[in-house]
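Quick look at model.cif (mmCIF, C-alpha atoms):
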```
data_upload
loop_
_atom_site.label_atom_id
_atom_site.label_comp_id
_atom_site.auth_asym_id
_atom_site.auth_seq_id
_atom_site.Cartn_x
_atom_site.Cartn_y
_atom_site.Cartn_z
CA MET A 1 -50.93 4.14 42.92
CA PRO A 2 -51.18 7.96 43.03
CA LEU A 3 -47.90 9.88 42.77
CA ASP A 4 -46.76 12.13 45.58
CA LEU A 5 -46.01 15.77 44.83
CA GLU A 6 -42.25 15.25 44.37
CA GLU A 7 -42.75 12.38 41.96
CA GLN A 8 -45.38 14.31 40.03
CA GLU A 9 -43.03 17.28 39.77
CA GLN A 10 -40.22 15.08 38.44
CA LEU A 11 -42.61 13.53 35.90
CA ASP A 12 -43.76 16.94 34.75
CA GLN A 13 -40.12 18.04 34.37
CA PHE A 14 -39.31 14.96 32.32
CA LYS A 15 -42.34 15.52 30.09
CA ALA A 16 -41.30 19.12 29.53
CA PHE A 17 -37.72 18.09 28.80
CA TRP A 18 -38.85 15.37 26.39
CA HIS A 19 -41.25 17.71 24.62
CA LYS A 20 -38.44 20.24 24.14
CA TYR A 21 -35.62 17.91 23.10
CA ARG A 22 -37.30 14.79 21.71
CA ASN A 23 -36.58 15.67 18.08
CA LEU A 24 -32.89 16.26 18.85
CA ILE A 25 -32.58 13.06 20.88
CA THR A 26 -34.40 11.01 18.25
CA GLY A 27 -32.20 12.54 15.53
CA VAL A 28 -28.99 11.73 17.39
CA LEU A 29 -30.07 8.15 18.08
CA THR A 30 -31.13 7.69 14.47
CA ALA A 31 -27.81 9.06 13.23
CA ALA A 32 -25.88 6.78 15.61
CA LEU A 33 -27.82 3.74 14.44
CA LEU A 34 -27.28 4.75 10.81
CA VAL A 35 -23.52 5.10 11.35
CA TYR A 36 -23.41 1.70 13.03
CA ALA A 37 -25.40 0.14 10.20
CA ILE A 38 -23.10 1.69 7.58
CA TYR A 39 -19.99 0.57 9.49
CA SER A 40 -21.34 -2.97 9.90
CA GLY A 41 -22.27 -3.08 6.22
CA TYR A 42 -18.83 -1.82 5.22
CA GLN A 43 -17.11 -4.39 7.41
CA TRP A 44 -19.21 -7.16 5.84
CA TRP A 45 -18.47 -5.83 2.34
CA ARG A 46 -14.73 -5.58 3.05
CA ASN A 47 -14.57 -9.11 4.44
CA SER A 48 -16.56 -10.37 1.47
CA GLN A 49 -14.28 -8.54 -0.95
CA ALA A 50 -11.17 -9.91 0.76
CA ALA A 51 -12.49 -13.48 0.63
CA SER A 52 -13.37 -13.22 -3.07
CA ALA A 53 -10.04 -11.56 -3.86
CA ALA A 54 -8.15 -14.27 -1.99
CA GLN A 55 -9.92 -16.95 -4.01
CA LEU A 56 -9.06 -15.22 -7.29
CA TYR A 57 -5.45 -14.77 -6.16
CA GLU A 58 -5.25 -18.50 -5.44
CA THR A 59 -6.51 -19.12 -8.98
CA MET A 60 -3.72 -16.92 -10.27
CA ILE A 61 -1.05 -18.74 -8.28
CA SER A 62 -2.35 -22.06 -9.60
CA ALA A 63 -2.01 -20.68 -13.13
CA VAL A 64 1.53 -19.51 -12.36
CA VAL A 65 2.48 -22.97 -11.11
CA LYS A 66 1.06 -24.48 -14.31
CA GLY A 67 3.02 -21.99 -16.40
CA ASP A 68 -0.17 -20.52 -17.87
CA LYS A 69 0.89 -16.91 -18.44
CA GLU A 70 -2.33 -15.76 -20.08
CA GLN A 71 -4.51 -17.00 -17.23
CA SER A 72 -2.08 -15.45 -14.74
CA PHE A 73 -2.31 -12.08 -16.47
CA GLN A 74 -6.10 -12.35 -16.72
CA ALA A 75 -6.41 -13.04 -12.99
CA ALA A 76 -4.15 -10.07 -12.21
CA ASP A 77 -6.26 -7.86 -14.48
CA ASP A 78 -9.48 -9.06 -12.82
CA LEU A 79 -8.07 -8.35 -9.37
CA GLN A 80 -7.17 -4.83 -10.46
CA LYS A 81 -10.65 -4.18 -11.85
CA GLN A 82 -12.78 -5.90 -9.23
CA TYR A 83 -10.76 -5.83 -6.01
CA ALA A 84 -8.43 -2.86 -6.34
CA ARG A 85 -8.83 -1.93 -2.66
CA THR A 86 -7.60 -5.27 -1.36
CA PRO A 87 -3.91 -6.15 -0.86
CA TYR A 88 -4.31 -9.07 -3.29
CA SER A 89 -4.53 -6.73 -6.28
CA ALA A 90 -1.07 -5.28 -5.62
CA MET A 91 0.34 -8.74 -4.85
CA ALA A 92 -1.03 -10.07 -8.13
CA SER A 93 0.32 -7.11 -10.09
CA LEU A 94 3.80 -7.67 -8.66
CA VAL A 95 3.67 -11.35 -9.61
CA ALA A 96 2.37 -10.50 -13.09
CA ALA A 97 5.15 -7.94 -13.53
CA LYS A 98 7.75 -10.58 -12.65
CA ILE A 99 6.26 -13.02 -15.15
CA ALA A 100 6.23 -10.36 -17.86
CA SER A 101 9.79 -9.28 -17.09
CA ASP A 102 11.08 -12.87 -17.15
CA SER A 103 9.37 -13.30 -20.52
CA GLY A 104 11.16 -10.27 -21.91
CA ASP A 105 8.04 -8.09 -22.06
CA ALA A 106 9.34 -4.98 -20.31
CA ALA A 107 6.39 -2.83 -21.38
CA LYS A 108 3.86 -5.17 -19.74
CA ALA A 109 6.01 -5.45 -16.62
CA ILE A 110 6.16 -1.67 -16.34
CA MET A 111 2.40 -1.44 -16.80
CA TYR A 112 1.74 -3.78 -13.86
CA LEU A 113 4.35 -2.10 -11.68
CA ARG A 114 2.91 1.34 -12.38
CA TRP A 115 -0.51 0.10 -11.32
CA ALA A 116 0.82 -1.42 -8.10
CA ALA A 117 2.84 1.72 -7.34
CA ALA A 118 -0.31 3.82 -7.72
CA HIS A 119 -2.78 1.58 -5.87
CA ALA A 120 -0.94 -0.56 -3.29
CA SER A 121 -2.45 -0.04 0.18
CA ASN A 122 0.31 -1.90 2.00
CA ASP A 123 3.60 -0.04 2.57
CA GLY A 124 5.69 -3.10 1.78
CA TYR A 125 4.00 -3.73 -1.56
CA LEU A 126 4.08 -0.02 -2.33
CA ALA A 127 7.84 0.25 -1.74
CA LEU A 128 8.52 -2.98 -3.62
CA ALA A 129 6.42 -1.86 -6.59
CA LYS A 130 8.12 1.52 -6.82
CA MET A 131 11.64 0.14 -6.50
CA ARG A 132 11.02 -2.63 -9.04
CA LEU A 133 9.52 -0.04 -11.35
CA VAL A 134 12.61 2.15 -10.98
CA SER A 135 14.87 -0.83 -11.75
CA GLN A 136 12.81 -1.68 -14.83
CA LEU A 137 12.90 1.92 -16.02
CA ILE A 138 16.66 2.14 -15.51
CA GLU A 139 17.07 -0.98 -17.62
CA GLY A 140 14.88 0.64 -20.28
CA GLY A 141 17.49 3.31 -20.71
CA SER A 142 15.40 5.85 -22.62
CA THR A 143 15.32 9.52 -21.66
CA GLN A 144 11.64 9.20 -20.76
CA ASP A 145 12.25 6.12 -18.62
CA SER A 146 15.13 7.82 -16.86
CA ALA A 147 13.04 10.91 -16.12
CA GLU A 148 10.23 8.79 -14.65
CA ALA A 149 12.67 6.86 -12.45
CA ASP A 150 14.21 10.12 -11.28
CA GLN A 151 10.79 11.50 -10.37
CA ILE A 152 9.91 8.42 -8.30
CA LEU A 153 13.22 8.54 -6.46
CA LYS A 154 12.64 12.18 -5.54
CA GLU A 155 9.56 11.16 -3.55
CA THR A 156 9.79 10.69 0.20
CA PRO A 157 10.91 7.09 0.85
CA VAL A 158 8.33 4.73 2.31
CA LYS A 159 9.15 4.50 6.02
CA GLY A 160 11.22 1.44 6.78
CA TYR A 161 12.42 1.06 3.20
CA GLU A 162 14.94 3.89 3.00
CA VAL A 163 17.77 1.47 2.21
CA LEU A 164 16.10 0.38 -1.01
CA TRP A 165 15.37 3.97 -1.95
CA TYR A 166 18.97 5.14 -1.56
CA GLU A 167 20.29 2.04 -3.28
CA ARG A 168 18.04 2.59 -6.31
CA ARG A 169 19.08 6.24 -6.37
CA GLY A 170 22.66 5.02 -6.57
CA ASP A 171 21.71 2.69 -9.42
CA TRP A 172 20.10 5.62 -11.22
CA TYR A 173 23.18 7.82 -10.82
CA LEU A 174 25.38 4.99 -12.01
CA ALA A 175 23.22 4.63 -15.12
CA GLN A 176 23.81 8.35 -15.70
CA LYS A 177 27.56 7.67 -15.33
CA ASN A 178 27.69 9.90 -12.26
CA THR A 179 29.97 7.75 -10.11
CA ALA A 180 30.45 10.29 -7.34
CA GLN A 181 26.72 10.67 -6.69
CA ALA A 182 26.22 6.93 -7.04
CA ARG A 183 28.81 6.33 -4.34
CA SER A 184 27.17 8.92 -2.08
CA SER A 185 23.76 7.24 -2.48
CA TYR A 186 25.16 3.76 -1.84
CA GLU A 187 26.89 5.06 1.28
CA ALA A 188 23.61 6.54 2.49
CA ALA A 189 21.94 3.16 1.93
CA TRP A 190 24.73 1.38 3.81
CA LYS A 191 24.38 3.72 6.79
CA GLN A 192 20.65 3.03 6.90
CA LEU A 193 21.16 -0.72 7.21
CA ASP A 194 21.27 -0.68 11.00
CA GLN A 195 17.84 0.98 11.08
CA ALA A 196 16.29 -1.28 8.43
CA LYS A 197 13.56 -3.62 9.68
CA GLU A 198 14.44 -6.42 7.33
CA PHE A 199 17.29 -6.62 4.88
CA PRO A 200 18.38 -10.07 3.65
CA GLU A 201 22.07 -10.90 3.92
CA GLU A 202 22.24 -11.55 0.18
CA ALA A 203 20.89 -8.05 -0.52
CA ARG A 204 23.40 -6.64 1.95
CA ARG A 205 26.25 -8.33 0.09
CA LEU A 206 24.97 -7.01 -3.23
CA LEU A 207 24.90 -3.47 -1.88
CA LYS A 208 28.48 -3.91 -0.65
CA VAL A 209 29.53 -5.06 -4.12
CA LYS A 210 27.93 -1.98 -5.67
CA LEU A 211 29.60 0.26 -3.11
CA ASP A 212 33.01 -1.31 -3.68
CA ALA A 213 32.58 -0.93 -7.44
CA VAL A 214 32.37 2.86 -7.09
CA GLY A 215 35.20 3.27 -4.63
CA GLY A 216 33.94 1.85 -1.34
CA LEU A 217 33.03 3.64 1.85
CA ALA A 218 34.66 7.03 2.34
CA LYS A 219 37.35 6.95 5.01
#
```
Once you've parsed the file, please lay out its structure as structure tokens.
Amino acid sequence: MPLDLEEQEQLDQFKAFWHKYRNLITGVLTAALLVYAIYSGYQWWRNSQAASAAQLYETMISAVVKGDKEQSFQAADDLQKQYARTPYSAMASLVAAKIASDSGDAAKAIMYLRWAAAHASNDGYLALAKMRLVSQLIEGGSTQDSAEADQILKETPVKGYEVLWYERRGDWYLAQKNTAQARSSYEAAWKQLDQAKEFPEEARRLLKVKLDAVGGLAK
């Protein structure tokens, strides 16, 4: 069916437009499809990584239940090496650190806690790793350990975990025999309790004991 003049004019305009901008349009569409393909591939990879990491973490927990320390440590090491970007790696490192600490191997516990503090992607695991690391370093008692704990505590607290930060700062001051500053830090932690998302009653009581031991709340 022959085109009328208006339709022919519109067709000619489209042809001219396409001839002028076809490379740009094709490039944009290609780039959009490439981005979508990369995103889809990344999502598949991430889900695959998470599934594999979860399976390895379950293997570790089974080893923990059996009391097999070496297999537990090996699983934690494998999670660090192969699945560092998943939350399971930090979880496993925290568990491994606890096992090492309970076994009296402070150096190994510190090693796992340092890794978790440097790589944890979840704020909760990150805060827990840093505060456990500080506690372990305070127990170490060396000048180097004390300096490392001090440096960590000077960092900005992970949001929602300020109570733990101030409490550990108080522990650090107390280890330095600076009772006044310890009391000030414990008071700051106590004042943050109302804003804390979660703070177990047992932990609250422990903080109160620490605060009372250095003179209690200022009146």
Worksheet item: Hey, which of A:Trp165, A:Phe73, A:Tyr186, A:Tyr173 ends up closest to Met111 (chain A)? Count all atoms listed in the file.
Response: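 Closest to Met111 (chain A), using all atoms listed in the file: A:Phe73.
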Discussion item. So that I can see what lies close to Gly104 (chain A), please list as a VMD selection string the residues with an atom at most 12 Å from it, counting all atoms listed in the file and leaving out residues fewer than 5 positions away in the same chain.
Written reply: chain A and resid 97 to 99 109 to 110 136 139 to 140
Worksheet item: Could you pull the residues within 9 Å of Glu162 (chain A), counting all atoms listed in the file, minus those fewer than 6 positions along the same chain, as a PyMOL selection string?
Response: chain A and resi 156+189+192-193+196
Please, which residues in region 54-167 of chain A fall within 12 Å of region 205-214 of chain A when counting all atoms listed in the file, and what is the closest atom pair and distance in Å to one decimal for each, ordered by chain then residue number, as a Markdown table?
```
| residue | atom | partner | partner_atom | distance |
| --- | --- | --- | --- | --- |
| A:Val163 | CA | A:Leu207 | CA | 9.6 |
| A:Leu164 | CA | A:Leu207 | CA | 9.6 |
| A:Tyr166 | CA | A:Leu207 | CA | 10.5 |
| A:Glu167 | CA | A:Leu207 | CA | 7.3 |
```
Show me, as AutoDock Vina command-line options, the centre and edge lengths in Å to one decimal of the axis-aligned box that covers every listed atom of region 159-175 of chain A with 5 Å on each side.
```
--center_x 17.3 --center_y 4.1 --center_z -4.2 --size_x 26.2 --size_y 17.4 --size_z 31.9
```
Worksheet item: What is the distance, in Å and to one decimal place, between CA of Gly215 (chain A) and CA of Glu201 (chain A)?
Response: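 One can read the CA of Gly215 (chain A) to CA of Glu201 (chain A) distance as 21.1 Å.
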Worksheet item: Near Thr59 (chain A), within 9 Å and counting only C-alpha atoms, which residues show up once chain neighbours fewer than 3 positions away are dropped, as a PyMOL selection string?
Response: chain A and resi 54-56+62-64+71-72+75
Worksheet item: CA of Ala116 (chain A) and CA of Leu94 (chain A) are how many Å apart?
Response: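 Computing the Euclidean distance for CA of Ala116 (chain A) and CA of Leu94 (chain A) yields 6.9 Å.
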